[in-house]
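Text of protein.pdb, listed as PDB, C-alpha atoms:
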ATOM      1  CA  MET A   1      20.851  21.776   1.964
ATOM      2  CA  LYS A   2      22.739  19.390   4.131
ATOM      3  CA  GLY A   3      23.940  16.192   2.583
ATOM      4  CA  GLU A   4      23.481  17.258  -1.016
ATOM      5  CA  ARG A   5      25.818  16.035  -3.669
ATOM      6  CA  ASN A   6      27.163  17.123  -7.016
ATOM      7  CA  ILE A   7      26.492  14.452  -9.618
ATOM      8  CA  GLY A   8      26.606  14.977 -13.348
ATOM      9  CA  GLY A   9      27.657  18.574 -12.811
ATOM     10  CA  LEU A  10      24.523  19.465 -10.854
ATOM     11  CA  TRP A  11      23.905  19.919  -7.146
ATOM     12  CA  CYS A  12      20.771  18.465  -5.594
ATOM     13  CA  HIS A  13      19.283  21.916  -5.045
ATOM     14  CA  GLU A  14      19.694  22.659  -8.749
ATOM     15  CA  VAL A  15      17.797  19.495  -9.617
ATOM     16  CA  LEU A  16      15.124  20.411  -7.088
ATOM     17  CA  ALA A  17      14.761  23.848  -8.697
ATOM     18  CA  GLY A  18      14.332  22.286 -12.139
ATOM     19  CA  LEU A  19      11.737  19.608 -11.353
ATOM     20  CA  THR A  20       8.809  21.553 -12.776
ATOM     21  CA  LEU A  21      10.719  22.355 -15.956
ATOM     22  CA  PHE A  22      11.648  18.664 -16.179
ATOM     23  CA  MET A  23       8.059  17.492 -15.668
ATOM     24  CA  ASP A  24       6.634  19.970 -18.160
ATOM     25  CA  GLY A  25       9.132  19.076 -20.878
ATOM     26  CA  ASP A  26      10.825  22.463 -20.740
ATOM     27  CA  LEU A  27      14.277  21.008 -20.160
ATOM     28  CA  VAL A  28      16.143  20.075 -23.349
ATOM     29  CA  GLY A  29      19.595  19.217 -24.569
ATOM     30  CA  ASP A  30      22.492  19.323 -22.139
ATOM     31  CA  ASP A  31      20.288  20.580 -19.281
ATOM     32  CA  LEU A  32      17.995  17.587 -19.626
ATOM     33  CA  ASP A  33      20.905  15.169 -19.891
ATOM     34  CA  ALA A  34      22.543  16.604 -16.769
ATOM     35  CA  VAL A  35      19.367  16.112 -14.705
ATOM     36  CA  LYS A  36      19.014  12.550 -15.942
ATOM     37  CA  VAL A  37      22.612  11.758 -15.039
ATOM     38  CA  HIS A  38      22.208  13.311 -11.588
ATOM     39  CA  VAL A  39      18.952  11.487 -10.827
ATOM     40  CA  SER A  40      20.351   8.166 -12.008
ATOM     41  CA  GLY A  41      23.171   8.495  -9.489
ATOM     42  CA  CYS A  42      21.336  10.151  -6.587
ATOM     43  CA  ASP A  43      18.816   8.087  -4.629
ATOM     44  CA  THR A  44      17.539  11.107  -2.734
ATOM     45  CA  CYS A  45      16.692  13.101  -5.853
ATOM     46  CA  ALA A  46      15.306  10.023  -7.579
ATOM     47  CA  ARG A  47      12.914   9.375  -4.680
ATOM     48  CA  PHE A  48      11.992  13.021  -4.271
ATOM     49  CA  GLY A  49      11.486  13.459  -8.023
ATOM     50  CA  GLY A  50       9.283  10.379  -8.099
ATOM     51  CA  ALA A  51       7.156  11.670  -5.235
ATOM     52  CA  PHE A  52       6.939  15.074  -6.932
ATOM     53  CA  ALA A  53       5.789  13.506 -10.193
ATOM     54  CA  ARG A  54       3.219  11.330  -8.398
ATOM     55  CA  ALA A  55       1.801  14.341  -6.559
ATOM     56  CA  VAL A  56       1.366  16.305  -9.774
ATOM     57  CA  SER A  57      -0.094  13.275 -11.548
ATOM     58  CA  ALA A  58      -2.575  12.766  -8.715
ATOM     59  CA  LEU A  59      -3.643  16.389  -8.981
ATOM     60  CA  ARG A  60      -4.064  16.117 -12.752
ATOM     61  CA  ALA A  61      -6.238  13.039 -12.257
ATOM     62  CA  SER A  62      -8.414  14.658  -9.609
ATOM     63  CA  PRO A  63     -11.948  15.578 -10.608
ATOM     64  CA  ALA A  64     -13.670  18.884 -10.062
ATOM     65  CA  ASP A  65     -16.474  19.358  -7.591
ATOM     66  CA  HIS A  66     -18.776  20.255 -10.464
ATOM     67  CA  ASP A  67     -18.049  18.016 -13.401
ATOM     68  CA  GLU A  68     -21.588  17.557 -14.537
ATOM     69  CA  GLU A  69     -23.239  19.823 -17.052
ATOM     70  CA  ASP A  70     -25.517  22.295 -15.363
ATOM     71  CA  ASP A  71     -27.821  24.009 -17.786
ATOM     72  CA  ASP A  72     -29.466  25.926 -14.944
ATOM     73  CA  PHE A  73     -26.242  27.859 -14.534
ATOM     74  CA  ALA A  74     -26.304  29.218 -18.087
ATOM     75  CA  VAL A  75     -29.991  30.028 -17.744
ATOM     76  CA  GLY A  76     -29.230  31.912 -14.515
ATOM     77  CA  VAL A  77     -26.503  33.920 -16.253
ATOM     78  CA  LEU A  78     -28.807  34.879 -19.119
ATOM     79  CA  ASP A  79     -31.501  35.919 -16.633
ATOM     80  CA  ALA A  80     -28.978  38.134 -14.838
ATOM     81  CA  LEU A  81     -27.925  40.038 -17.957
ATOM     82  CA  ASP A  82     -28.949  43.620 -18.450
ATOM     83  CA  PRO A  83     -32.089  43.989 -20.560
TER      84      PRO A  83
ATOM     85  CA  MET B   1     -10.081  26.381 -33.909
ATOM     86  CA  PRO B   2     -11.827  26.726 -30.555
ATOM     87  CA  ASP B   3     -10.746  30.343 -30.215
ATOM     88  CA  GLU B   4     -12.333  31.236 -33.542
ATOM     89  CA  GLU B   5     -15.592  29.683 -32.397
ATOM     90  CA  ASP B   6     -15.433  31.736 -29.210
ATOM     91  CA  LEU B   7     -14.680  34.928 -31.116
ATOM     92  CA  ASN B   8     -17.596  34.232 -33.421
ATOM     93  CA  LEU B   9     -19.941  33.632 -30.490
ATOM     94  CA  LEU B  10     -18.766  36.810 -28.762
ATOM     95  CA  GLU B  11     -19.188  38.851 -31.922
ATOM     96  CA  ARG B  12     -22.759  37.591 -32.265
ATOM     97  CA  ALA B  13     -23.344  38.261 -28.563
ATOM     98  CA  ARG B  14     -22.002  41.770 -29.030
ATOM     99  CA  GLY B  15     -24.796  42.286 -31.524
ATOM    100  CA  GLY B  16     -27.303  41.282 -28.861
ATOM    101  CA  ASP B  17     -27.581  37.571 -29.630
ATOM    102  CA  ARG B  18     -28.248  36.122 -26.168
ATOM    103  CA  GLN B  19     -28.516  32.597 -27.517
ATOM    104  CA  ALA B  20     -24.951  32.830 -28.807
ATOM    105  CA  PHE B  21     -23.839  34.143 -25.436
ATOM    106  CA  GLY B  22     -25.589  31.214 -23.774
ATOM    107  CA  VAL B  23     -23.549  28.835 -25.918
ATOM    108  CA  PHE B  24     -20.379  30.692 -24.910
ATOM    109  CA  VAL B  25     -21.348  30.383 -21.232
ATOM    110  CA  ARG B  26     -21.976  26.648 -21.542
ATOM    111  CA  ARG B  27     -18.624  26.163 -23.288
ATOM    112  CA  HIS B  28     -16.712  27.792 -20.464
ATOM    113  CA  GLN B  29     -18.788  27.523 -17.308
ATOM    114  CA  GLN B  30     -16.804  24.598 -15.895
ATOM    115  CA  LEU B  31     -13.489  26.294 -16.647
ATOM    116  CA  VAL B  32     -14.578  29.465 -14.879
ATOM    117  CA  ARG B  33     -16.190  27.659 -11.937
ATOM    118  CA  ARG B  34     -13.171  25.494 -11.306
ATOM    119  CA  SER B  35     -10.712  28.362 -11.593
ATOM    120  CA  VAL B  36     -12.606  30.588  -9.161
ATOM    121  CA  ARG B  37     -13.280  27.711  -6.750
ATOM    122  CA  ALA B  38      -9.530  27.627  -6.132
ATOM    123  CA  ILE B  39      -9.801  31.118  -4.660
ATOM    124  CA  VAL B  40     -13.190  31.521  -3.010
ATOM    125  CA  ASP B  41     -14.320  29.691   0.099
ATOM    126  CA  SER B  42     -17.304  27.637  -1.009
ATOM    127  CA  ASP B  43     -19.116  26.102  -3.963
ATOM    128  CA  ALA B  44     -21.878  28.675  -3.527
ATOM    129  CA  ASP B  45     -19.362  31.522  -3.760
ATOM    130  CA  ALA B  46     -17.838  29.875  -6.824
ATOM    131  CA  ASP B  47     -21.245  29.783  -8.507
ATOM    132  CA  ASP B  48     -21.910  33.433  -7.634
ATOM    133  CA  THR B  49     -18.479  34.501  -8.817
ATOM    134  CA  ALA B  50     -18.766  32.538 -12.044
ATOM    135  CA  GLN B  51     -22.118  34.178 -12.756
ATOM    136  CA  ASP B  52     -20.664  37.622 -12.000
ATOM    137  CA  THR B  53     -17.825  36.845 -14.390
ATOM    138  CA  PHE B  54     -20.105  36.112 -17.322
ATOM    139  CA  VAL B  55     -22.262  39.142 -16.590
ATOM    140  CA  GLN B  56     -19.100  41.264 -16.672
ATOM    141  CA  VAL B  57     -18.114  39.675 -19.976
ATOM    142  CA  TRP B  58     -21.517  40.549 -21.410
ATOM    143  CA  ARG B  59     -21.184  44.152 -20.255
ATOM    144  CA  ALA B  60     -17.615  44.360 -21.601
ATOM    145  CA  LEU B  61     -18.894  43.342 -25.024
ATOM    146  CA  GLY B  62     -21.003  46.477 -25.081
ATOM    147  CA  THR B  63     -18.016  48.704 -24.384
ATOM    148  CA  ASP B  64     -14.642  47.542 -25.600
ATOM    149  CA  GLY B  65     -16.043  44.670 -27.601
ATOM    150  CA  ALA B  66     -14.005  41.560 -28.169
ATOM    151  CA  ASP B  67     -10.548  43.098 -28.296
ATOM    152  CA  LYS B  68      -9.541  41.016 -25.228
ATOM    153  CA  ARG B  69      -7.136  43.744 -24.176
ATOM    154  CA  GLY B  70      -4.152  41.985 -25.635
ATOM    155  CA  ALA B  71      -4.847  38.611 -23.997
ATOM    156  CA  SER B  72      -3.326  35.673 -25.833
ATOM    157  CA  THR B  73      -6.577  33.727 -26.040
ATOM    158  CA  VAL B  74     -10.250  34.110 -25.234
ATOM    159  CA  ARG B  75      -9.781  31.673 -22.340
ATOM    160  CA  ALA B  76      -6.983  33.784 -20.877
ATOM    161  CA  TRP B  77      -9.123  36.913 -21.186
ATOM    162  CA  LEU B  78     -12.073  35.190 -19.570
ATOM    163  CA  LEU B  79      -9.949  33.808 -16.741
ATOM    164  CA  THR B  80      -8.455  37.235 -16.098
ATOM    165  CA  ILE B  81     -11.955  38.597 -15.484
ATOM    166  CA  ALA B  82     -12.857  35.549 -13.404
ATOM    167  CA  ARG B  83      -9.856  35.749 -11.096
ATOM    168  CA  ARG B  84     -10.400  39.449 -10.445
ATOM    169  CA  ALA B  85     -13.975  38.696  -9.432
ATOM    170  CA  ALA B  86     -12.836  35.773  -7.285
ATOM    171  CA  TRP B  87     -10.196  37.758  -5.437
ATOM    172  CA  ARG B  88     -12.737  40.525  -4.763
ATOM    173  CA  LYS B  89     -15.078  37.922  -3.306
ATOM    174  CA  HIS B  90     -12.253  36.304  -1.327
ATOM    175  CA  ARG B  91     -11.163  39.622   0.188
ATOM    176  CA  ARG B  92     -14.725  40.510   1.144
ATOM    177  CA  HIS B  93     -14.991  37.251   3.047
ATOM    178  CA  VAL B  94     -11.775  37.632   5.000
ATOM    179  CA  GLY B  95     -12.763  38.070   8.610
ATOM    180  CA  GLU B  96     -16.358  37.090   8.042
ATOM    181  CA  PRO B  97     -17.754  34.129  10.000
ATOM    182  CA  ARG B  98     -17.925  31.005   7.884
ATOM    183  CA  PHE B  99     -21.026  28.840   7.972
ATOM    184  CA  THR B 100     -20.673  25.517   6.264
ATOM    185  CA  GLU B 101     -24.021  24.001   7.174
ATOM    186  CA  SER B 102     -27.072  24.917   5.152
ATOM    187  CA  LEU B 103     -30.132  25.665   7.230
ATOM    188  CA  ASP B 104     -32.378  23.913   4.741
ATOM    189  CA  ALA B 105     -30.137  21.057   3.761
ATOM    190  CA  PRO B 106     -31.619  18.297   1.636
ATOM    191  CA  GLY B 107     -32.718  15.285   3.590
ATOM    192  CA  ASP B 108     -34.510  17.228   6.292
ATOM    193  CA  GLY B 109     -37.875  16.497   4.763
ATOM    194  CA  GLY B 110     -38.806  13.890   7.366
ATOM    195  CA  ASP B 111     -41.631  11.545   6.463
ATOM    196  CA  GLU B 112     -42.446  13.441   3.305
ATOM    197  CA  GLY B 113     -38.934  12.856   1.884
ATOM    198  CA  ALA B 114     -39.033   9.165   2.786
ATOM    199  CA  SER B 115     -42.365   8.804   1.046
ATOM    200  CA  HIS B 116     -40.956  10.288  -2.164
ATOM    201  CA  ALA B 117     -38.008   7.888  -2.031
ATOM    202  CA  ILE B 118     -40.336   4.902  -1.777
ATOM    203  CA  ASP B 119     -42.509   6.195  -4.605
ATOM    204  CA  ALA B 120     -39.468   6.636  -6.820
ATOM    205  CA  ALA B 121     -38.149   3.119  -6.173
ATOM    206  CA  SER B 122     -40.412   1.558  -8.781
ATOM    207  CA  VAL B 123     -39.015   3.696 -11.624
ATOM    208  CA  VAL B 124     -35.337   3.827 -10.676
ATOM    209  CA  ASP B 125     -32.848   2.625 -13.286
ATOM    210  CA  TRP B 126     -30.946   0.354 -10.933
ATOM    211  CA  GLY B 127     -28.554  -0.769 -13.655
ATOM    212  CA  SER B 128     -27.300   2.756 -14.348
ATOM    213  CA  LEU B 129     -27.086   3.586 -10.680
ATOM    214  CA  GLY B 130     -25.168   0.400  -9.956
ATOM    215  CA  GLU B 131     -22.666   1.026 -12.754
ATOM    216  CA  ALA B 132     -22.194   4.583 -11.563
ATOM    217  CA  ALA B 133     -21.431   3.171  -8.122
ATOM    218  CA  GLY B 134     -18.795   0.843  -9.549
ATOM    219  CA  TRP B 135     -20.665  -2.345 -10.375
ATOM    220  CA  GLY B 136     -18.636  -4.462 -12.801
ATOM    221  CA  GLN B 137     -15.400  -2.604 -12.040
ATOM    222  CA  ASN B 138     -12.461  -3.370  -9.804
ATOM    223  CA  PRO B 139     -13.655  -2.224  -6.367
ATOM    224  CA  GLU B 140     -10.124  -2.069  -4.945
ATOM    225  CA  ALA B 141      -8.937   0.167  -7.779
ATOM    226  CA  ARG B 142     -11.963   2.417  -7.406
ATOM    227  CA  ALA B 143     -11.433   2.663  -3.670
ATOM    228  CA  ALA B 144      -7.765   3.522  -4.164
ATOM    229  CA  LEU B 145      -8.677   6.186  -6.717
ATOM    230  CA  ALA B 146     -11.298   7.659  -4.409
ATOM    231  CA  GLU B 147      -8.792   7.729  -1.581
ATOM    232  CA  GLN B 148      -6.213   9.446  -3.773
ATOM    233  CA  ARG B 149      -8.754  12.044  -4.856
ATOM    234  CA  ALA B 150      -9.742  12.717  -1.274
ATOM    235  CA  ARG B 151      -6.101  13.133  -0.273
ATOM    236  CA  VAL B 152      -5.460  15.555  -3.133
ATOM    237  CA  GLN B 153      -8.529  17.614  -2.283
ATOM    238  CA  ALA B 154      -7.560  17.712   1.384
ATOM    239  CA  ALA B 155      -4.014  18.739   0.493
ATOM    240  CA  MET B 156      -5.290  21.472  -1.846
ATOM    241  CA  ALA B 157      -7.480  22.797   0.942
ATOM    242  CA  ARG B 158      -4.395  23.248   3.110
ATOM    243  CA  LEU B 159      -2.627  25.427   0.536
ATOM    244  CA  GLY B 160      -2.894  29.168   0.119
ATOM    245  CA  ALA B 161      -5.323  30.553  -2.456
ATOM    246  CA  GLU B 162      -2.492  31.701  -4.756
ATOM    247  CA  GLU B 163      -1.008  28.220  -4.735
ATOM    248  CA  ARG B 164      -4.372  26.581  -5.413
ATOM    249  CA  GLU B 165      -5.011  29.032  -8.210
ATOM    250  CA  VAL B 166      -1.898  28.300 -10.241
ATOM    251  CA  LEU B 167      -2.196  24.536  -9.640
ATOM    252  CA  THR B 168      -5.810  24.616 -10.767
ATOM    253  CA  LEU B 169      -5.022  26.560 -13.921
ATOM    254  CA  ARG B 170      -2.056  24.424 -14.945
ATOM    255  CA  ASP B 171      -2.571  20.933 -13.532
ATOM    256  CA  VAL B 172      -6.330  20.639 -13.106
ATOM    257  CA  LEU B 173      -7.623  22.705 -16.031
ATOM    258  CA  GLY B 174      -4.614  21.990 -18.231
ATOM    259  CA  LEU B 175      -3.880  25.529 -19.392
ATOM    260  CA  SER B 176      -0.566  26.103 -21.112
ATOM    261  CA  GLY B 177       2.124  28.125 -19.382
ATOM    262  CA  PRO B 178       1.536  31.232 -21.532
ATOM    263  CA  GLU B 179      -2.249  30.985 -21.059
ATOM    264  CA  ALA B 180      -1.940  30.665 -17.299
ATOM    265  CA  ALA B 181       0.579  33.508 -17.169
ATOM    266  CA  ALA B 182      -1.811  35.745 -19.110
ATOM    267  CA  ALA B 183      -4.711  34.807 -16.840
ATOM    268  CA  LEU B 184      -2.609  35.481 -13.750
ATOM    269  CA  GLY B 185      -1.317  38.766 -15.128
ATOM    270  CA  VAL B 186       2.334  37.784 -14.714
ATOM    271  CA  GLY B 187       5.213  36.903 -17.006
ATOM    272  CA  LEU B 188       5.931  33.328 -18.048
ATOM    273  CA  ALA B 189       8.993  33.031 -15.801
ATOM    274  CA  ALA B 190       7.031  34.227 -12.782
ATOM    275  CA  GLU B 191       4.227  31.798 -13.586
ATOM    276  CA  LYS B 192       6.671  28.879 -13.769
ATOM    277  CA  SER B 193       8.272  29.895 -10.504
ATOM    278  CA  ARG B 194       4.887  30.194  -8.803
ATOM    279  CA  LEU B 195       3.823  26.817 -10.196
ATOM    280  CA  HIS B 196       6.984  25.144  -8.942
ATOM    281  CA  ARG B 197       6.569  26.544  -5.441
ATOM    282  CA  ALA B 198       2.928  25.476  -5.424
ATOM    283  CA  ARG B 199       3.763  21.947  -6.571
ATOM    284  CA  LEU B 200       6.337  21.631  -3.811
ATOM    285  CA  ALA B 201       3.777  22.906  -1.323
ATOM    286  CA  LEU B 202       1.287  20.333  -2.592
ATOM    287  CA  LEU B 203       3.840  17.591  -2.186
ATOM    288  CA  GLY B 204       4.450  18.713   1.365
ATOM    289  CA  ALA B 205       0.740  18.842   2.073
ATOM    290  CA  LEU B 206       0.265  15.362   0.715
ATOM    291  CA  GLY B 207       2.913  14.095   3.056
ATOM    292  CA  ALA B 208       4.355  12.251   0.127
ATOM    293  CA  VAL B 209       7.978  12.840   1.056
ATOM    294  CA  ASP B 210       9.604  10.400   3.350
ATOM    295  CA  VAL B 211      11.589  11.629   6.344
ATOM    296  CA  THR B 212      14.992  11.000   4.780
ATOM    297  CA  ALA B 213      14.216  13.104   1.720
ATOM    298  CA  VAL B 214      12.861  15.970   3.786
ATOM    299  CA  GLU B 215      15.964  16.058   5.964
ATOM    300  CA  VAL B 216      18.280  16.130   2.994
ATOM    301  CA  LEU B 217      16.404  18.569   0.800
ATOM    302  CA  SER B 218      15.133  21.079   3.342
TER     303      SER B 218
END
Just dump the structure as structure tokens.
Amino acid sequence: MKGERNIGGLWCHEVLAGLTLFMDGDLVGDDLDAVKVHVSGCDTCARFGGAFARAVSALRASPADHDEEDDDFAVGVLDALDP
Amino acid sequence: MPDEEDLNLLERARGGDRQAFGVFVRRHQQLVRRSVRAIVDSDADADDTAQDTFVQVWRALGTDGADKRGASTVRAWLLTIARRAAWRKHRRHVGEPRFTESLDAPGDGGDEGASHAIDAASVVDWGSLGEAAGWGQNPEARAALAEQRARVQAAMARLGAEEREVLTLRDVLGLSGPEAAAALGVGLAAEKSRLHRARLALLGALGAVDVTAVEVLS
């Protein structure tokens, strides 16, 4: 990637590769600390990481097409079962 | 434990208890519908596929019972069956013409429909309807939320079915990594890698990255 930097011992592409692990709490210890140090000193990764987190949060907050209970569905399944 | 309740329901269903199976269906119908909707092309296909899934579960109970074939949880086992059915449906539809308009869509009732609407006006619970429409809430916040939801749905529609599937399992339905991996039939590392690629694709589809970031990180 052009213009990437090494901050806190990590290159930008390494931070990019670890964003999902970071968001899901799978980064711990030194790995987590290194990402935090990099992001605190890298505007590009900070902005990209923020956008990444907002996108995932928006998806998690999005409703389903069918959120209402539909008892007809269960009735239809039972009707379709073998005798 | 939810899984113990499911196992109990399936054991009763295995003995022919349809009522218990009905409870199992109601517990999981939204999970199955939403997971298959990520793969198939329409709500109608999602309903058909979800029904097929539960019928297959019922038939499986009569053969291999509730052993779940090594799946980590009942949900993972159920989702494995669901995704197989969804991918079969998806493949069948590849190349077929897609019709999005129903020939007998609601609202085509002409004068008869209008008459029913007028008749119903005297018994409508306007308070409940108004609250459901946002009365008493912050209209700007609701509008922003609706816009965000529409953007997310539009972005999801632009992704591939595999990307939608893993995003739906993990970020919409909230499955754990191991559960999603089991449902997808892949290892945990592969599931995490697929999820990360899909999240990046979603971000791209949302257009949430500004030009500077794209230039640097691409």
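Interatomic distance, CA of Leu184 in chain B to CA of Ser35 in chain B: 11.0 Å.
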Apply the PyMOL selection byres ((chain B and resi 200) around 12) to the displayed file and report the matching residues as a ChimeraX atom specification. /A:16-20,48-49,51-56 /B:155-156,159,163-164,167,193-199,201-209,214,217-218
Compute the chain A side of the contact with chain B at 9 Å, counting only C-alpha atoms, and hand it back as a ChimeraX atom specification. /A:1-4,12-13,16-21,44-45,47-48,51-52,54-71,73-78,80-82
Expressed in Å, the length from CA of Gly25 in chain A to CA of Ala182 in chain B is 20.0 Å
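Closest approach to Arg14 in chain B among B:Asp45, B:Val36, B:Arg83, B:Val57: B:Val57, based on only C-alpha atoms.
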Reference answer for the PyMOL selection byres ((chain A and resi 33-38) around 9), as a PyMOL selection string: chain A and resi 6-12+14-15+18+22+27-32+39-42+45-46
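If you look at CA of His90 in chain B and CA of Val40 in chain B, they are 5.2 Å away from each other.
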Write out as AutoDock Vina command-line options an axis-aligned box for range 37-42 of chain B: all of its atoms listed in the file, 3 Å added on each side, centre and edge lengths in Å with one decimal.
--center_x -13.4 --center_y 29.6 --center_z -3.3 --size_x 13.8 --size_y 9.9 --size_z 12.8
